[in-house]
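run-v5.cif, holding mmCIF, C-alpha atoms:
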```cif
data_structure
#
loop_
_atom_site.group_PDB
_atom_site.id
_atom_site.type_symbol
_atom_site.label_atom_id
_atom_site.label_comp_id
_atom_site.auth_asym_id
_atom_site.auth_seq_id
_atom_site.Cartn_x
_atom_site.Cartn_y
_atom_site.Cartn_z
ATOM 1 C CA MET A 23 12.655 1.533 12.199
ATOM 2 C CA HIS A 24 12.011 -0.361 8.943
ATOM 3 C CA GLU A 25 9.576 0.864 6.321
ATOM 4 C CA LEU A 26 7.373 -1.873 4.886
ATOM 5 C CA ASP A 27 4.981 -2.041 1.970
ATOM 6 C CA VAL A 28 1.607 -3.766 2.093
ATOM 7 C CA LYS A 29 2.885 -7.141 0.873
ATOM 8 C CA GLN A 30 5.660 -7.117 3.462
ATOM 9 C CA VAL A 31 3.139 -6.254 6.168
ATOM 10 C CA ALA A 32 0.961 -9.200 5.136
ATOM 11 C CA ALA A 33 3.938 -11.562 5.156
ATOM 12 C CA LEU A 34 4.989 -10.338 8.606
ATOM 13 C CA LEU A 35 1.506 -10.754 10.050
ATOM 14 C CA LYS A 36 1.213 -14.284 8.677
ATOM 15 C CA GLU A 37 4.291 -15.235 10.722
ATOM 16 C CA GLN A 38 2.829 -13.947 14.011
ATOM 17 C CA ASP A 39 0.386 -15.158 16.633
ATOM 18 C CA ARG A 40 -1.061 -13.731 19.856
ATOM 19 C CA ILE A 41 -1.416 -10.309 18.250
ATOM 20 C CA LEU A 42 -2.459 -7.174 20.136
ATOM 21 C CA ILE A 43 -3.918 -4.293 18.106
ATOM 22 C CA LEU A 44 -3.714 -0.803 19.638
ATOM 23 C CA THR A 45 -5.863 2.197 18.700
ATOM 24 C CA HIS A 46 -5.533 5.856 19.622
ATOM 25 C CA MET A 47 -7.237 7.785 22.407
ATOM 26 C CA SER A 48 -10.464 9.643 21.596
ATOM 27 C CA PRO A 49 -11.124 6.834 19.111
ATOM 28 C CA ASP A 50 -12.668 7.650 15.752
ATOM 29 C CA GLY A 51 -14.059 5.549 12.949
ATOM 30 C CA ASP A 52 -10.725 5.124 11.201
ATOM 31 C CA THR A 53 -8.650 3.791 14.098
ATOM 32 C CA LEU A 54 -11.508 1.502 15.213
ATOM 33 C CA GLY A 55 -12.453 0.438 11.695
ATOM 34 C CA SER A 56 -8.818 -0.402 10.953
ATOM 35 C CA ALA A 57 -8.414 -2.315 14.196
ATOM 36 C CA PHE A 58 -11.554 -4.430 14.038
ATOM 37 C CA ALA A 59 -11.296 -5.173 10.313
ATOM 38 C CA LEU A 60 -7.729 -6.394 10.886
ATOM 39 C CA HIS A 61 -8.896 -8.236 14.014
ATOM 40 C CA ARG A 62 -11.502 -10.143 12.008
ATOM 41 C CA ALA A 63 -9.069 -10.929 9.207
ATOM 42 C CA LEU A 64 -6.450 -12.325 11.578
ATOM 43 C CA LEU A 65 -9.078 -14.463 13.305
ATOM 44 C CA GLN A 66 -9.919 -15.880 9.899
ATOM 45 C CA LEU A 67 -6.258 -16.909 9.590
ATOM 46 C CA GLY A 68 -6.454 -18.750 12.900
ATOM 47 C CA LYS A 69 -4.539 -16.184 14.965
ATOM 48 C CA GLN A 70 -5.161 -15.253 18.569
ATOM 49 C CA VAL A 71 -5.901 -11.537 18.455
ATOM 50 C CA LYS A 72 -7.463 -8.725 20.455
ATOM 51 C CA ALA A 73 -7.942 -4.998 19.852
ATOM 52 C CA VAL A 74 -7.938 -2.424 22.670
ATOM 53 C CA CYS A 75 -8.320 1.312 23.214
ATOM 54 C CA GLY A 76 -7.053 3.595 25.975
ATOM 55 C CA ASP A 77 -10.387 5.449 26.076
ATOM 56 C CA THR A 78 -14.010 4.385 26.231
ATOM 57 C CA ILE A 79 -15.297 3.415 22.798
ATOM 58 C CA PRO A 80 -18.489 5.349 21.953
ATOM 59 C CA GLU A 81 -21.620 3.212 21.701
ATOM 60 C CA LYS A 82 -22.209 4.218 18.078
ATOM 61 C CA TYR A 83 -19.219 2.068 17.060
ATOM 62 C CA ALA A 84 -20.427 -1.028 18.921
ATOM 63 C CA TYR A 85 -21.468 -2.836 15.720
ATOM 64 C CA MET A 86 -17.809 -3.209 14.728
ATOM 65 C CA MET A 87 -17.186 -5.361 17.810
ATOM 66 C CA ARG A 88 -20.296 -7.512 17.397
ATOM 67 C CA ASP A 89 -19.655 -11.244 17.863
ATOM 68 C CA LEU A 90 -15.984 -10.691 18.752
ATOM 69 C CA ALA A 91 -14.960 -12.558 21.892
ATOM 70 C CA VAL A 92 -12.582 -10.766 24.261
ATOM 71 C CA GLU A 93 -9.498 -12.973 24.414
ATOM 72 C CA ASP A 94 -7.055 -12.930 27.295
ATOM 73 C CA PHE A 95 -3.440 -13.710 26.438
ATOM 74 C CA GLU A 96 0.050 -12.287 26.699
ATOM 75 C CA PRO A 97 0.757 -10.690 23.304
ATOM 76 C CA GLN A 98 3.764 -11.732 21.258
ATOM 77 C CA PHE A 99 3.303 -9.109 18.553
ATOM 78 C CA VAL A 100 1.945 -5.555 18.924
ATOM 79 C CA VAL A 101 0.340 -3.587 16.085
ATOM 80 C CA ALA A 102 -0.784 0.063 16.236
ATOM 81 C CA VAL A 103 -3.259 1.339 13.638
ATOM 82 C CA ASP A 104 -3.851 5.008 12.783
ATOM 83 C CA VAL A 105 -1.575 6.029 15.693
ATOM 84 C CA ALA A 106 0.954 8.690 14.671
ATOM 85 C CA ASP A 107 2.685 8.973 18.055
ATOM 86 C CA LYS A 108 2.950 6.548 20.963
ATOM 87 C CA LYS A 109 1.661 9.327 23.248
ATOM 88 C CA LEU A 110 -1.714 8.871 21.565
ATOM 89 C CA LEU A 111 -2.013 5.358 22.992
ATOM 90 C CA GLY A 112 -2.917 6.809 26.389
ATOM 91 C CA ASP A 113 -0.929 6.616 29.599
ATOM 92 C CA THR A 114 -1.624 2.951 30.348
ATOM 93 C CA TYR A 115 -0.867 1.508 26.935
ATOM 94 C CA GLU A 116 2.011 3.897 26.264
ATOM 95 C CA ALA A 117 3.673 2.799 29.497
ATOM 96 C CA GLN A 118 3.031 -0.854 28.766
ATOM 97 C CA TYR A 119 3.637 -1.039 25.014
ATOM 98 C CA GLY A 120 4.930 2.341 23.793
ATOM 99 C CA ASP A 121 8.433 1.002 23.179
ATOM 100 C CA LYS A 122 7.234 -2.450 22.137
ATOM 101 C CA VAL A 123 5.148 -1.707 19.056
ATOM 102 C CA ASP A 124 6.306 -4.139 16.385
ATOM 103 C CA LEU A 125 4.282 -2.678 13.533
ATOM 104 C CA CYS A 126 2.463 0.581 12.901
ATOM 105 C CA ILE A 127 0.059 1.002 9.981
ATOM 106 C CA ASP A 128 -0.757 4.674 9.507
ATOM 107 C CA HIS A 129 -1.637 7.461 7.076
ATOM 108 C CA HIS A 130 -0.346 10.474 9.050
ATOM 109 C CA ARG A 131 2.713 12.162 7.581
ATOM 110 C CA SER A 132 3.534 13.338 11.105
ATOM 111 C CA ASN A 133 4.143 9.745 12.276
ATOM 112 C CA THR A 134 7.116 9.790 14.666
ATOM 113 C CA GLY A 135 8.501 6.403 13.620
ATOM 114 C CA TYR A 136 8.178 4.923 17.110
ATOM 115 C CA ALA A 137 7.422 1.372 15.898
ATOM 116 C CA LYS A 138 9.978 -1.237 14.838
ATOM 117 C CA ASN A 139 8.250 -1.467 11.462
ATOM 118 C CA LEU A 140 6.154 1.191 9.757
ATOM 119 C CA CYS A 141 3.734 0.966 6.853
ATOM 120 C CA LEU A 142 2.948 4.593 6.035
ATOM 121 C CA GLU A 143 0.970 5.899 3.112
ATOM 122 C CA GLU A 144 -0.590 9.341 2.836
ATOM 123 C CA CYS A 145 -4.166 8.590 1.862
ATOM 124 C CA ALA A 146 -7.675 9.477 2.972
ATOM 125 C CA ALA A 147 -7.814 6.932 5.802
ATOM 126 C CA THR A 148 -5.755 4.184 7.375
ATOM 127 C CA CYS A 149 -8.616 1.891 6.389
ATOM 128 C CA GLU A 150 -7.455 2.283 2.776
ATOM 129 C CA ILE A 151 -4.148 0.686 3.750
ATOM 130 C CA ILE A 152 -5.851 -2.001 5.851
ATOM 131 C CA PHE A 153 -8.046 -2.872 2.861
ATOM 132 C CA ALA A 154 -4.910 -3.497 0.796
ATOM 133 C CA VAL A 155 -3.322 -5.501 3.630
ATOM 134 C CA LEU A 156 -6.403 -7.732 3.848
ATOM 135 C CA GLU A 157 -6.252 -8.300 0.101
ATOM 136 C CA ALA A 158 -2.585 -9.274 0.428
ATOM 137 C CA LEU A 159 -3.499 -11.664 3.266
ATOM 138 C CA ASN A 160 -5.942 -13.377 0.884
ATOM 139 C CA VAL A 161 -8.735 -13.390 3.446
ATOM 140 C CA LYS A 162 -12.369 -13.594 2.447
ATOM 141 C CA PHE A 163 -14.065 -10.236 2.908
ATOM 142 C CA ASP A 164 -17.395 -10.393 4.719
ATOM 143 C CA ALA A 165 -20.033 -7.807 5.603
ATOM 144 C CA ALA A 166 -18.630 -7.241 9.105
ATOM 145 C CA MET A 167 -15.157 -6.389 7.741
ATOM 146 C CA ALA A 168 -16.744 -4.214 5.075
ATOM 147 C CA ASP A 169 -18.718 -2.279 7.704
ATOM 148 C CA CYS A 170 -15.535 -1.610 9.687
ATOM 149 C CA LEU A 171 -13.551 -0.401 6.690
ATOM 150 C CA TYR A 172 -16.397 1.660 5.246
ATOM 151 C CA THR A 173 -16.796 3.403 8.611
ATOM 152 C CA GLY A 174 -13.130 4.454 8.544
ATOM 153 C CA LEU A 175 -13.339 5.736 4.978
ATOM 154 C CA SER A 176 -16.599 7.593 5.561
ATOM 155 C CA THR A 177 -15.700 9.260 8.857
ATOM 156 C CA ASP A 178 -12.178 10.337 7.885
ATOM 157 C CA THR A 179 -13.467 11.951 4.690
ATOM 158 C CA GLY A 180 -16.538 13.703 6.096
ATOM 159 C CA CYS A 181 -18.739 11.284 4.153
ATOM 160 C CA PHE A 182 -16.477 11.623 1.090
ATOM 161 C CA ARG A 183 -16.617 15.439 1.049
ATOM 162 C CA TYR A 184 -13.057 16.360 2.044
ATOM 163 C CA ALA A 185 -10.131 17.130 -0.250
ATOM 164 C CA ASN A 186 -8.319 13.971 0.891
ATOM 165 C CA VAL A 187 -10.724 11.812 -1.156
ATOM 166 C CA THR A 188 -9.197 10.236 -4.269
ATOM 167 C CA PRO A 189 -10.540 7.950 -7.010
ATOM 168 C CA ARG A 190 -8.993 5.070 -5.061
ATOM 169 C CA THR A 191 -11.073 5.998 -2.010
ATOM 170 C CA HIS A 192 -14.277 5.754 -4.022
ATOM 171 C CA LYS A 193 -13.195 2.505 -5.684
ATOM 172 C CA ILE A 194 -12.515 0.880 -2.313
ATOM 173 C CA ALA A 195 -15.849 2.148 -0.962
ATOM 174 C CA ALA A 196 -17.610 0.642 -3.985
ATOM 175 C CA GLU A 197 -15.957 -2.725 -3.371
ATOM 176 C CA LEU A 198 -16.962 -2.592 0.287
ATOM 177 C CA LEU A 199 -20.574 -2.045 -0.764
ATOM 178 C CA GLU A 200 -20.303 -5.164 -2.914
ATOM 179 C CA TYR A 201 -19.030 -7.058 0.143
ATOM 180 C CA GLY A 202 -22.127 -6.001 2.073
ATOM 181 C CA ALA A 203 -21.245 -2.757 3.881
ATOM 182 C CA GLU A 204 -24.389 -1.067 5.221
ATOM 183 C CA ALA A 205 -23.370 2.351 3.899
ATOM 184 C CA GLY A 206 -26.727 4.058 4.323
ATOM 185 C CA GLU A 207 -27.127 3.023 7.951
ATOM 186 C CA ILE A 208 -23.490 3.790 8.821
ATOM 187 C CA ASN A 209 -23.745 7.263 7.296
ATOM 188 C CA ARG A 210 -27.027 7.900 9.118
ATOM 189 C CA VAL A 211 -25.510 6.960 12.483
ATOM 190 C CA MET A 212 -22.247 8.825 11.920
ATOM 191 C CA PHE A 213 -23.519 12.024 10.299
ATOM 192 C CA GLU A 214 -27.247 12.446 10.845
ATOM 193 C CA THR A 215 -27.835 11.205 14.398
ATOM 194 C CA ARG A 216 -27.018 13.230 17.510
ATOM 195 C CA THR A 217 -28.114 12.872 21.127
ATOM 196 C CA LYS A 218 -30.038 15.619 22.907
ATOM 197 C CA GLU A 219 -26.999 16.024 25.157
ATOM 198 C CA TYR A 220 -24.756 16.574 22.133
ATOM 199 C CA ILE A 221 -27.071 19.268 20.770
ATOM 200 C CA ARG A 222 -27.041 21.035 24.164
ATOM 201 C CA LEU A 223 -23.252 20.991 24.189
ATOM 202 C CA GLN A 224 -23.052 22.278 20.623
ATOM 203 C CA VAL A 225 -25.377 25.187 21.435
ATOM 204 C CA MET A 226 -23.284 26.072 24.483
ATOM 205 C CA ALA A 227 -20.096 25.904 22.437
ATOM 206 C CA LEU A 228 -21.390 28.145 19.658
ATOM 207 C CA GLU A 229 -22.737 30.698 22.148
ATOM 208 C CA ASN A 230 -19.172 31.127 23.422
ATOM 209 C CA ILE A 231 -17.291 31.063 20.135
ATOM 210 C CA GLU A 232 -14.271 33.393 19.860
ATOM 211 C CA MET A 233 -12.960 34.900 16.629
ATOM 212 C CA TYR A 234 -9.336 35.762 15.845
ATOM 213 C CA ALA A 235 -7.157 36.741 12.867
ATOM 214 C CA GLN A 236 -9.633 39.188 11.365
ATOM 215 C CA ASP A 237 -12.434 36.615 11.815
ATOM 216 C CA LYS A 238 -10.527 33.985 9.839
ATOM 217 C CA CYS A 239 -9.978 31.818 12.920
ATOM 218 C CA ALA A 240 -12.885 30.483 14.995
ATOM 219 C CA PHE A 241 -12.127 29.127 18.475
ATOM 220 C CA VAL A 242 -14.423 26.899 20.566
ATOM 221 C CA LEU A 243 -13.759 25.605 24.080
ATOM 222 C CA LEU A 244 -15.527 22.540 25.463
ATOM 223 C CA SER A 245 -14.953 22.709 29.206
ATOM 224 C CA GLN A 246 -15.579 20.067 31.844
ATOM 225 C CA ALA A 247 -18.307 22.329 33.225
ATOM 226 C CA MET A 248 -20.014 22.309 29.817
ATOM 227 C CA PHE A 249 -19.835 18.514 29.631
ATOM 228 C CA LYS A 250 -21.415 18.287 33.065
ATOM 229 C CA GLU A 251 -24.160 20.817 32.371
ATOM 230 C CA SER A 252 -25.074 19.377 28.964
ATOM 231 C CA GLY A 253 -24.801 15.741 30.026
ATOM 232 C CA CYS A 254 -22.735 14.993 26.912
ATOM 233 C CA SER A 255 -19.733 12.717 27.381
ATOM 234 C CA GLU A 256 -16.296 13.573 26.023
ATOM 235 C CA ALA A 257 -16.439 10.423 23.896
ATOM 236 C CA ASP A 258 -19.582 11.641 22.108
ATOM 237 C CA CYS A 259 -18.558 15.147 21.051
ATOM 238 C CA ASP A 260 -16.161 14.517 18.165
ATOM 239 C CA GLY A 261 -18.508 15.991 15.546
ATOM 240 C CA ILE A 262 -18.215 19.471 17.047
ATOM 241 C CA SER A 263 -14.630 19.707 15.791
ATOM 242 C CA SER A 264 -15.846 20.275 12.243
ATOM 243 C CA VAL A 265 -18.274 23.086 13.170
ATOM 244 C CA PRO A 266 -15.976 26.157 13.565
ATOM 245 C CA ARG A 267 -14.480 25.669 10.094
ATOM 246 C CA LYS A 268 -17.969 25.844 8.539
ATOM 247 C CA ILE A 269 -18.319 29.565 9.321
ATOM 248 C CA GLU A 270 -18.076 31.660 6.169
ATOM 249 C CA GLY A 271 -14.653 33.277 5.836
ATOM 250 C CA VAL A 272 -12.993 31.053 8.448
ATOM 251 C CA LEU A 273 -9.753 29.378 7.367
ATOM 252 C CA ALA A 274 -8.901 27.752 10.705
ATOM 253 C CA GLY A 275 -11.394 26.213 13.122
ATOM 254 C CA VAL A 276 -10.094 25.317 16.589
ATOM 255 C CA THR A 277 -11.972 23.089 19.023
ATOM 256 C CA VAL A 278 -10.336 22.675 22.435
ATOM 257 C CA ARG A 279 -11.613 19.956 24.741
ATOM 258 C CA GLU A 280 -10.799 20.118 28.457
ATOM 259 C CA LYS A 281 -9.934 16.607 29.659
ATOM 260 C CA ALA A 282 -10.713 15.216 33.101
ATOM 261 C CA ASP A 283 -6.987 15.210 33.927
ATOM 262 C CA GLY A 284 -6.750 18.980 33.388
ATOM 263 C CA SER A 285 -5.050 18.875 29.986
ATOM 264 C CA TYR A 286 -6.616 20.337 26.825
ATOM 265 C CA LYS A 287 -6.941 18.427 23.566
ATOM 266 C CA VAL A 288 -6.872 20.578 20.421
ATOM 267 C CA SER A 289 -8.556 19.657 17.142
ATOM 268 C CA LEU A 290 -7.574 22.018 14.339
ATOM 269 C CA ARG A 291 -9.446 21.978 11.029
ATOM 270 C CA THR A 292 -8.342 24.255 8.195
ATOM 271 C CA HIS A 293 -9.039 25.260 4.617
ATOM 272 C CA ALA A 294 -6.246 25.609 2.054
ATOM 273 C CA PRO A 295 -3.671 27.007 2.112
ATOM 274 C CA VAL A 296 -3.467 26.930 5.941
ATOM 275 C CA ASP A 297 -1.601 23.765 6.998
ATOM 276 C CA ALA A 298 -3.035 22.345 10.234
ATOM 277 C CA SER A 299 -0.270 19.759 10.525
ATOM 278 C CA GLU A 300 2.540 22.322 10.458
ATOM 279 C CA ILE A 301 0.820 24.441 13.119
ATOM 280 C CA CYS A 302 0.192 21.502 15.441
ATOM 281 C CA LYS A 303 3.694 20.152 14.914
ATOM 282 C CA LYS A 304 5.036 23.351 16.471
ATOM 283 C CA MET A 305 2.824 22.602 19.487
ATOM 284 C CA GLY A 306 4.125 19.050 19.840
ATOM 285 C CA GLY A 307 1.332 17.413 17.850
ATOM 286 C CA GLY A 308 0.683 16.560 14.235
ATOM 287 C CA GLY A 309 -1.769 15.177 11.722
ATOM 288 C CA HIS A 310 -2.820 16.144 8.211
ATOM 289 C CA ALA A 311 -2.799 19.361 6.221
ATOM 290 C CA ARG A 312 -6.514 19.957 6.834
ATOM 291 C CA ALA A 313 -6.991 18.157 10.156
ATOM 292 C CA ALA A 314 -4.477 17.913 12.987
ATOM 293 C CA GLY A 315 -4.234 17.991 16.745
ATOM 294 C CA CYS A 316 -2.080 18.653 19.773
ATOM 295 C CA THR A 317 -2.343 18.902 23.565
ATOM 296 C CA LEU A 318 -2.095 22.014 25.726
ATOM 297 C CA ASP A 319 -0.704 21.964 29.247
ATOM 298 C CA GLY A 320 -3.592 22.680 31.587
ATOM 299 C CA ALA A 321 -1.318 24.326 34.158
ATOM 300 C CA HIS A 322 -0.366 26.957 31.557
ATOM 301 C CA TYR A 323 -3.515 26.941 29.473
ATOM 302 C CA GLU A 324 -3.817 30.666 28.733
ATOM 303 C CA ALA A 325 -0.185 30.947 27.649
ATOM 304 C CA GLU A 326 -0.473 27.793 25.536
ATOM 305 C CA LYS A 327 -3.694 29.047 23.950
ATOM 306 C CA GLU A 328 -2.047 32.385 23.124
ATOM 307 C CA LYS A 329 0.897 30.594 21.523
ATOM 308 C CA LEU A 330 -1.439 28.476 19.389
ATOM 309 C CA ILE A 331 -3.492 31.469 18.262
ATOM 310 C CA LYS A 332 -0.320 33.390 17.324
ATOM 311 C CA LEU A 333 0.884 30.443 15.219
ATOM 312 C CA ILE A 334 -2.463 30.327 13.425
ATOM 313 C CA GLU A 335 -2.484 34.098 12.890
ATOM 314 C CA ALA A 336 1.040 33.931 11.479
ATOM 315 C CA GLU A 337 0.001 31.247 8.993
ATOM 316 C CA ILE A 338 -3.068 33.209 7.919
ATOM 317 C CA ASN A 339 -1.183 36.532 7.656
ATOM 318 C CA ALA A 340 1.452 34.843 5.478
ATOM 319 C CA ILE A 341 -1.106 33.988 2.812
#
```
Could you quickly redo this structure as structure tokens?
Amino acid sequence: MHELDVKQVAALLKEQDRILILTHMSPDGDTLGSAFALHRALLQLGKQVKAVCGDTIPEKYAYMMRDLAVEDFEPQFVVAVDVADKKLLGDTYEAQYGDKVDLCIDHHRSNTGYAKNLCLEECAATCEIIFAVLEALNVKFDAAMADCLYTGLSTDTGCFRYANVTPRTHKIAAELLEYGAEAGEINRVMFETRTKEYIRLQVMALENIEMYAQDKCAFVLLSQAMFKESGCSEADCDGISSVPRKIEGVLAGVTVREKADGSYKVSLRTHAPVDASEICKKMGGGGHARAAGCTLDGAHYEAEKEKLIKLIEAEINAI
């Protein structure tokens, strides 16, 4: 694995054609914003390019794909964006490309180094790195690119409220506004708009919340039965992950989502000094200090849940 800086990434991309861009499962604004901004930039350079995801992309992100034709070609160069581990590509794309990723652009310190080349920078969002890559490519920024990148910055920072925000984050956001990013509308869709089905699911989740570690850990389970009863899809429930941490006194908020295949996806959100990344790393996952994730084996769910809770309790008791 070779570590590259932004200028080296730009030079490498300029040499390639027929480029496939991979995003992670349970796609969020950062992985999609990174992918489609890069997609548009490479098209501007005359490249054949397509971006794909192993999961269904929620409708609220559809504007990022507007006017992009779906090309069909055999890729010569594979790029993963905001993907810390090849397992996050999903079964199909991991099997097909997991060992063939030529370049990974990422901001997760837990990145496993699975790609041939890695551009890694710990910052608020991978879109910050993509912004710099696009500058190094000397492409002309347009409103569509700006919308993609702004979405990644906004969603990965909780609308610029999280501790991962830096002066650079705000400076990039300001430039994106100058390029035409529809910040007000994007923030409305991402943070102020929820479906009736989502609200039903959230109510059900909060009615069954569990507290651990002297009420400093809040645990929420989103089961398949709850998805069915509420009518909310798995792809449309990402905002619930931030809810448990909002409870006064809680240092660790856990949201566990039962997947259709029987596995359980964990989203852990913490307040300082509890390190979500270190906890999830011990469960085979990873992420950031305040937001990380892992997967629990559905066949041994109760034992896996107990192990996770004990790790969280140990971190909190060590404070």
Residues returned when the PyMOL selection byres ((chain A and resi 337) around 10) runs on this file, as a PDB file with C-alpha atoms, in the coordinates of the input:
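Okay, selection_11.pdb is ready:
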```pdb
ATOM      1  CA  ALA A 235      -7.157  36.741  12.867  1.00  0.00           C
ATOM      2  CA  ALA A 274      -8.901  27.752  10.705  1.00  0.00           C
ATOM      3  CA  PRO A 295      -3.671  27.007   2.112  1.00  0.00           C
ATOM      4  CA  VAL A 296      -3.467  26.930   5.941  1.00  0.00           C
ATOM      5  CA  ASP A 297      -1.601  23.765   6.998  1.00  0.00           C
ATOM      6  CA  ALA A 298      -3.035  22.345  10.234  1.00  0.00           C
ATOM      7  CA  GLU A 300       2.540  22.322  10.458  1.00  0.00           C
ATOM      8  CA  ILE A 301       0.820  24.441  13.119  1.00  0.00           C
ATOM      9  CA  ILE A 331      -3.492  31.469  18.262  1.00  0.00           C
ATOM     10  CA  LYS A 332      -0.320  33.390  17.324  1.00  0.00           C
ATOM     11  CA  LEU A 333       0.884  30.443  15.219  1.00  0.00           C
ATOM     12  CA  ILE A 334      -2.463  30.327  13.425  1.00  0.00           C
ATOM     13  CA  GLU A 335      -2.484  34.098  12.890  1.00  0.00           C
ATOM     14  CA  ALA A 336       1.040  33.931  11.479  1.00  0.00           C
ATOM     15  CA  ILE A 338      -3.068  33.209   7.919  1.00  0.00           C
ATOM     16  CA  ASN A 339      -1.183  36.532   7.656  1.00  0.00           C
ATOM     17  CA  ALA A 340       1.452  34.843   5.478  1.00  0.00           C
ATOM     18  CA  ILE A 341      -1.106  33.988   2.812  1.00  0.00           C
TER      19      ILE A 341
END
```
Within 10 Å of Ala185 in chain A, counting all atoms listed in the file, which residues qualify if same-chain residues fewer than 3 places away don't, as a list in words? Ala146, Thr179, Gly180, Phe182, Thr188, His293, Ala294 and Arg312 of chain A
Give me the residues near range 79-94 of chain A as a VMD selection string, where near means some atom within 9 Å (using only C-alpha atoms) and where sequence neighbours in that chain fewer than 3 positions away do not count. chain A and resid 48 to 51 54 to 55 58 to 59 61 to 62 70 to 73 75 to 76 166 to 167 169 to 170 173 211 to 212 257 to 258
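Closest to Ala106 in chain A among A:Gly174, A:Gly315, A:Pro266, A:Gly320 is A:Gly315, based on all atoms listed in the file.
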Nearest to Asp52 in chain A, chosen from A:Tyr172, A:Tyr136, A:Phe99, A:Tyr119, with all atoms listed in the file counted in the distances: A:Tyr172
Which of these residues is nearest to Val187 in chain A, using only C-alpha atoms: A:Ile127, A:Leu175, A:Ala313, A:Ile231?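 Comparing A:Ile127, A:Leu175, A:Ala313, A:Ile231 against Val187 in chain A, the winner is A:Leu175.
Selection result for the displayed file, with the PyMOL selection byres ((chain A and resi 108) around 9) as criterion, is A:His46, A:Ala102, A:Val105, A:Ala106, A:Asp107, A:Lys109, A:Leu110, A:Leu111, A:Gly112, A:Tyr115, A:Glu116, A:Tyr119, A:Gly120, A:Asp121, A:Val123, A:Thr134, A:Tyr136, A:Ala137.
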Selected by the PyMOL selection byres ((chain A and resi 246) around 10) in the shown coordinates: which residues, as a PyMOL selection string? chain A and resi 243-245+247-252+255-256+279-282+284
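Of the listed residues (A:Leu290, A:Leu64, A:Cys259, A:Ala33), A:Leu290 comes nearest to Gly307 in chain A; the distances count all atoms listed in the file.
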I need the residue nearest His130 in chain A from this list: A:Ala32, A:Leu171, A:Ala314, A:Val276. Use all atoms listed in the file for the distance.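 Under the stated criterion, the closest residue is A:Ala314.
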Residues within 9 Å of Val31 in chain A, only C-alpha atoms, excluding chain neighbours under 3 positions, as a ChimeraX atom specification: /A:26-28,34-36,125,127,139-141,155,158
Can you measure CA of Lys304 in chain A to CA of Leu330 in chain A for me? One decimal in Å is fine.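 Spanning CA of Lys304 in chain A to CA of Leu330 in chain A is a straight-line distance of 8.8 Å.
Among A:Glu270, A:Thr53, A:Phe153, A:Met23, the residue with the shortest atom-to-atom distance to Gly135 in chain A, counting only C-alpha atoms, is A:Met23.
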